[in-house]
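Data from model.cif: mmCIF, C-alpha atoms
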data_data
loop_
_atom_site.label_atom_id
_atom_site.label_comp_id
_atom_site.auth_asym_id
_atom_site.auth_seq_id
_atom_site.Cartn_x
_atom_site.Cartn_y
_atom_site.Cartn_z
CA GLN M 1 99.70 110.35 83.90
CA GLN M 2 101.66 112.10 86.61
CA PRO M 3 99.56 113.83 89.31
CA VAL M 4 100.07 117.55 89.69
CA GLN M 5 101.31 118.85 93.02
CA SER M 6 101.06 122.41 94.24
CA PRO M 7 102.76 124.47 95.38
CA GLN M 8 106.21 123.48 94.15
CA ALA M 9 107.88 124.89 97.23
CA VAL M 10 106.90 126.29 100.62
CA ILE M 11 108.93 128.18 103.21
CA LEU M 12 107.57 128.30 106.74
CA ARG M 13 108.50 129.54 110.16
CA GLU M 14 108.25 126.98 112.92
CA GLY M 15 104.66 126.77 114.13
CA GLU M 16 103.05 127.87 110.86
CA ASP M 17 100.64 125.77 108.84
CA ALA M 18 100.84 124.55 105.24
CA VAL M 19 98.66 122.75 102.73
CA ILE M 20 100.00 120.67 99.86
CA ASN M 21 97.67 119.65 97.06
CA CYS M 22 97.70 116.71 94.68
CA SER M 23 95.45 116.51 91.65
CA SER M 24 94.93 113.75 89.11
CA SER M 25 93.12 113.60 85.78
CA LYS M 26 92.35 109.90 86.27
CA ALA M 27 89.90 108.13 88.54
CA LEU M 28 91.78 107.11 91.65
CA TYR M 29 91.60 104.16 94.00
CA SER M 30 94.03 105.56 96.53
CA VAL M 31 96.45 108.36 97.28
CA HIS M 32 99.69 107.82 99.18
CA TRP M 33 101.79 110.53 100.82
CA TYR M 34 105.54 110.25 101.37
CA ARG M 35 108.20 112.55 102.76
CA GLN M 36 111.79 112.45 101.57
CA LYS M 37 114.71 114.18 103.24
CA HIS M 38 117.77 115.07 101.21
CA GLY M 39 119.87 112.01 100.41
CA GLU M 40 117.41 109.61 102.01
CA ALA M 41 114.65 107.26 100.91
CA PRO M 42 111.00 108.33 100.75
CA ILE M 43 109.20 107.53 103.99
CA PHE M 44 105.52 106.58 104.04
CA LEU M 45 103.22 109.03 105.82
CA MET M 46 99.69 107.89 105.10
CA ILE M 47 97.33 106.32 102.60
CA LEU M 48 93.84 107.45 101.70
CA LEU M 49 91.48 105.06 100.00
CA LYS M 50 88.55 105.70 97.69
CA GLY M 51 85.67 106.75 99.87
CA GLY M 52 86.66 110.30 100.65
CA GLU M 53 88.24 109.56 103.97
CA GLN M 54 90.39 111.83 106.02
CA LYS M 55 93.31 110.60 108.04
CA GLY M 56 95.63 112.12 110.52
CA HIS M 57 98.85 111.45 112.29
CA ASP M 58 99.99 113.80 115.01
CA LYS M 59 99.82 117.26 113.41
CA ILE M 60 99.80 115.94 109.83
CA SER M 61 96.48 115.03 108.25
CA ALA M 62 95.15 114.50 104.75
CA SER M 63 91.91 114.35 102.84
CA PHE M 64 90.83 112.70 99.60
CA ASN M 65 88.05 114.07 97.42
CA GLU M 66 87.35 111.25 94.99
CA LYS M 67 84.87 113.28 92.94
CA LYS M 68 87.54 115.84 92.15
CA GLN M 69 90.39 113.29 92.18
CA GLN M 70 92.23 115.54 94.59
CA SER M 71 94.05 115.04 97.84
CA SER M 72 95.41 117.59 100.27
CA LEU M 73 98.05 117.18 102.96
CA TYR M 74 97.70 119.46 105.98
CA LEU M 75 100.68 120.27 108.17
CA THR M 76 99.75 122.21 111.28
CA ALA M 77 102.05 123.86 113.79
CA SER M 78 105.02 122.86 111.65
CA GLN M 79 108.23 121.62 113.25
CA LEU M 80 111.78 121.76 111.96
CA SER M 81 111.61 118.01 111.37
CA TYR M 82 108.86 118.52 108.79
CA SER M 83 111.39 119.91 106.29
CA GLY M 84 111.80 117.79 103.19
CA THR M 85 110.12 117.02 99.91
CA TYR M 86 106.56 115.70 100.00
CA PHE M 87 105.33 113.39 97.26
CA CYS M 88 101.88 112.15 96.52
CA GLY M 89 101.58 108.80 94.78
CA THR M 90 98.35 107.91 93.04
CA GLU M 91 96.93 104.49 92.31
CA GLY M 92 94.48 104.46 89.40
CA ILE M 93 91.27 102.48 89.18
CA SER M 94 91.68 101.36 85.59
CA GLY M 95 94.85 99.57 84.61
CA GLY M 96 96.82 101.01 87.46
CA TYR M 97 96.18 98.93 90.52
CA ASN M 98 99.18 98.20 92.69
CA LYS M 99 101.49 100.70 91.05
CA LEU M 100 101.97 104.28 92.18
CA ILE M 101 102.55 107.27 89.95
CA PHE M 102 104.32 110.00 91.88
CA GLY M 103 103.95 113.74 91.54
CA ALA M 104 106.95 116.00 91.07
CA GLY M 105 107.06 116.80 94.78
CA THR M 106 106.65 119.85 97.01
CA ARG M 107 109.75 121.13 98.78
CA LEU M 108 109.02 122.28 102.32
CA ALA M 109 111.53 124.23 104.39
CA VAL M 110 110.76 125.04 108.02
CA HIS M 111 112.96 127.65 109.68
CA PRO M 112 113.27 128.54 113.37
CA ASP R 1 112.93 93.63 110.33
CA ALA R 2 115.92 95.03 108.42
CA GLY R 3 113.79 96.75 105.83
CA VAL R 4 114.51 96.82 102.11
CA ILE R 5 118.23 96.40 101.48
CA GLN R 6 119.93 97.77 98.39
CA SER R 7 123.50 97.42 97.23
CA PRO R 8 125.73 99.05 96.40
CA ARG R 9 124.88 102.43 97.96
CA HIS R 10 127.06 104.25 95.46
CA GLU R 11 128.31 103.17 92.06
CA VAL R 12 130.64 105.09 89.81
CA THR R 13 131.32 103.60 86.40
CA GLU R 14 132.41 104.57 82.94
CA MET R 15 130.19 104.82 79.94
CA GLY R 16 129.75 101.47 78.23
CA GLN R 17 130.24 99.37 81.34
CA GLU R 18 127.65 96.97 82.72
CA VAL R 19 126.02 97.98 86.00
CA THR R 20 124.09 95.66 88.31
CA LEU R 21 121.98 96.97 91.17
CA ARG R 22 120.70 94.62 93.84
CA CYS R 23 117.69 94.56 96.12
CA LYS R 24 116.50 92.39 98.98
CA PRO R 25 112.83 93.07 99.80
CA ILE R 26 111.26 92.81 103.22
CA SER R 27 110.61 89.18 104.08
CA GLY R 28 107.05 88.15 103.29
CA HIS R 29 106.42 90.97 100.83
CA ASP R 30 105.21 89.77 97.45
CA TYR R 31 105.49 92.99 95.45
CA LEU R 32 108.78 94.56 94.42
CA PHE R 33 109.20 97.86 92.60
CA TRP R 34 112.18 99.54 90.93
CA TYR R 35 112.19 103.34 90.67
CA ARG R 36 114.58 105.89 89.22
CA GLN R 37 114.82 109.41 90.64
CA THR R 38 116.33 112.41 88.87
CA MET R 39 115.89 116.13 89.28
CA MET R 40 114.42 116.44 85.80
CA ARG R 41 112.01 113.51 85.81
CA GLY R 42 111.29 112.99 89.49
CA LEU R 43 110.47 109.54 90.85
CA GLU R 44 109.67 107.18 87.96
CA LEU R 45 108.45 103.60 88.22
CA LEU R 46 110.57 101.37 85.99
CA ILE R 47 109.14 97.91 86.62
CA TYR R 48 107.33 95.92 89.27
CA PHE R 49 107.05 92.26 90.17
CA ASN R 50 104.37 90.23 91.92
CA ASN R 51 105.41 86.86 93.31
CA ASN R 52 108.67 87.11 91.34
CA VAL R 53 106.85 87.65 88.03
CA PRO R 54 107.29 90.93 86.12
CA ILE R 55 103.86 92.55 85.86
CA ASP R 56 104.48 95.94 84.29
CA ASP R 57 107.75 96.99 82.66
CA SER R 58 106.32 99.89 80.69
CA GLY R 59 108.58 102.30 82.56
CA MET R 60 111.82 100.64 81.51
CA PRO R 61 113.46 103.29 79.33
CA GLU R 62 115.04 101.05 76.70
CA ASP R 63 116.47 97.64 75.98
CA ARG R 64 119.67 98.48 77.82
CA PHE R 65 117.71 98.04 81.04
CA SER R 66 116.66 94.65 82.34
CA ALA R 67 115.37 93.39 85.68
CA LYS R 68 115.05 89.96 87.19
CA MET R 69 113.66 88.44 90.33
CA PRO R 70 114.94 84.86 90.57
CA ASN R 71 113.39 84.32 94.00
CA ALA R 72 111.29 86.06 96.63
CA SER R 73 114.27 87.56 98.43
CA PHE R 74 116.38 88.98 95.60
CA SER R 75 116.06 91.20 92.56
CA THR R 76 118.52 92.83 90.18
CA LEU R 77 118.35 95.77 87.83
CA LYS R 78 120.96 95.68 85.11
CA ILE R 79 122.06 98.38 82.71
CA GLN R 80 124.18 97.27 79.76
CA PRO R 81 125.79 99.32 78.33
CA SER R 82 125.52 102.24 80.71
CA GLU R 83 125.36 105.84 79.49
CA PRO R 84 125.87 109.17 81.33
CA ARG R 85 122.13 109.90 81.12
CA ASP R 86 121.53 106.84 83.30
CA SER R 87 123.04 108.71 86.24
CA ALA R 88 120.36 108.84 88.94
CA VAL R 89 119.32 107.40 92.27
CA TYR R 90 117.69 104.00 91.87
CA PHE R 91 115.26 102.89 94.57
CA CYS R 92 113.81 99.51 95.26
CA ALA R 93 110.56 99.23 97.24
CA SER R 94 108.48 96.32 98.46
CA ARG R 95 104.99 95.85 99.82
CA GLY R 96 102.93 93.06 101.24
CA LEU R 97 99.56 91.86 100.01
CA ALA R 98 97.59 92.88 103.08
CA LYS R 99 98.85 96.44 103.46
CA ASN R 100 99.07 98.62 100.39
CA ILE R 101 102.16 100.46 101.64
CA GLN R 102 105.44 100.57 99.77
CA TYR R 103 108.63 100.60 101.82
CA PHE R 104 111.68 102.02 100.11
CA GLY R 105 115.29 100.98 100.35
CA ALA R 106 118.03 103.54 100.89
CA GLY R 107 118.74 103.71 97.17
CA THR R 108 121.77 103.33 94.92
CA ARG R 109 123.34 106.52 93.63
CA LEU R 110 124.69 105.73 90.14
CA SER R 111 127.14 108.00 88.36
CA VAL R 112 128.10 107.11 84.80
CA LEU R 113 131.10 109.09 83.60
#
Give the structure from this file in structure tokens form.
Amino acid sequence: QQPVQSPQAVILREGEDAVINCSSSKALYSVHWYRQKHGEAPIFLMILLKGGEQKGHDKISASFNEKKQQSSLYLTASQLSYSGTYFCGTEGISGGYNKLIFGAGTRLAVHP
Amino acid sequence: DAGVIQSPRHEVTEMGQEVTLRCKPISGHDYLFWYRQTMMRGLELLIYFNNNVPIDDSGMPEDRFSAKMPNASFSTLKIQPSEPRDSAVYFCASRGLAKNIQYFGAGTRLSVL
């Protein structure tokens, strides 16, 4: 089943923060986050494994709450380059190892 | 490394024609995935291979779609006959055994008229 992402779209001014959520109804082994710019391929951002870890890269970080089967992506002090569509991909524990099911995406627009 | 290579980048064809999309995964990667992306349905997994063997094809929409991986460095996705509703961007992705990260190719934009 497809994970649910929220919000569907976000508009920010440069320097503002945003949180994107990803929720699944199935037990998860991992959550993957990707960013896709218009007309381009999805680019890997980070992976969070079962264990409730939190990862970060520059001003982008993420958390994974395995009890709630939820992950959140945190974008702080947003830059123009952060604009794009963010997808979470979930890897299930039962019958779903190795394949990712992607959410519908969250469109992020950062303006000067 | 050159990354995942897909060809062609754009394909325009007429309804009823056969379409073949090609993918070269990253060298050393043993998993290969085919996805389809549309505005309505988002990014859907069609089929994936492990060591050239199809593992899960439950996402293949119908018998008109078929995929092969004759060797570790090449895969094809074929649509025969093509229909206008097949119009989409088709992505190929690969990953290695050690790192559970999928790397996507640039995609093939298919338009069926």
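Residue neighbourhood of Leu21 in chain R, excluding near-sequence residues (fewer than 3 positions): R:Ser7, R:Pro8, R:Thr76, R:Leu77, R:Lys78, at 7 Å, using all atoms listed in the file.
Computed from the coordinates, the CA of Ala88 in chain R to CA of Leu73 in chain M distance equals 27.6 Å.
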List the neighbours of range 45-50 of chain M out to 6 Å using only C-alpha atoms; skip same-chain residues closer than 5 positions along the sequence, and give me the result as a PyMOL selection string. chain M and resi 29-34
With C-alpha atoms retained, export the selected residues as a PDB file, in the frame of the given file.
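The result, stored in result22.pdb:
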ATOM      1  CA  TYR M  29      91.600 104.160  94.000  1.00  0.00           C
ATOM      2  CA  SER M  30      94.030 105.560  96.530  1.00  0.00           C
ATOM      3  CA  VAL M  31      96.450 108.360  97.280  1.00  0.00           C
ATOM      4  CA  HIS M  32      99.690 107.820  99.180  1.00  0.00           C
ATOM      5  CA  TRP M  33     101.790 110.530 100.820  1.00  0.00           C
ATOM      6  CA  TYR M  34     105.540 110.250 101.370  1.00  0.00           C
TER       7      TYR M  34
END
Listing only residues of chain M within 8 Å of chain R, what is the closest atom pair and its distance in Å (to one decimal) for each, using all atoms listed in the file, sorted by chain and residue number ascending, as a Markdown table?
| residue | atom | partner | partner_atom | distance |
| --- | --- | --- | --- | --- |
| M:Glu40 | CA | R:Ala106 | CA | 6.2 |
| M:Ala41 | CA | R:Ala106 | CA | 5.0 |
| M:Pro42 | CA | R:Phe104 | CA | 6.4 |
| M:Ile43 | CA | R:Phe104 | CA | 7.2 |
| M:Phe44 | CA | R:Tyr103 | CA | 7.1 |
| M:Ile47 | CA | R:Ile101 | CA | 7.7 |
| M:Asn98 | CA | R:Asn100 | CA | 7.7 |
| M:Lys99 | CA | R:Tyr48 | CA | 7.8 |
| M:Leu100 | CA | R:Leu45 | CA | 7.6 |
| M:Ile101 | CA | R:Leu45 | CA | 7.2 |
| M:Phe102 | CA | R:Leu43 | CA | 6.3 |
| M:Gly103 | CA | R:Gly42 | CA | 7.7 |
| M:Ala104 | CA | R:Gly42 | CA | 5.5 |
| M:Gly105 | CA | R:Gly42 | CA | 7.8 |
Output of the PyMOL selection byres ((chain R and resi 63) around 10), listed as a ChimeraX atom specification: /R:60-62,64-66,79-81
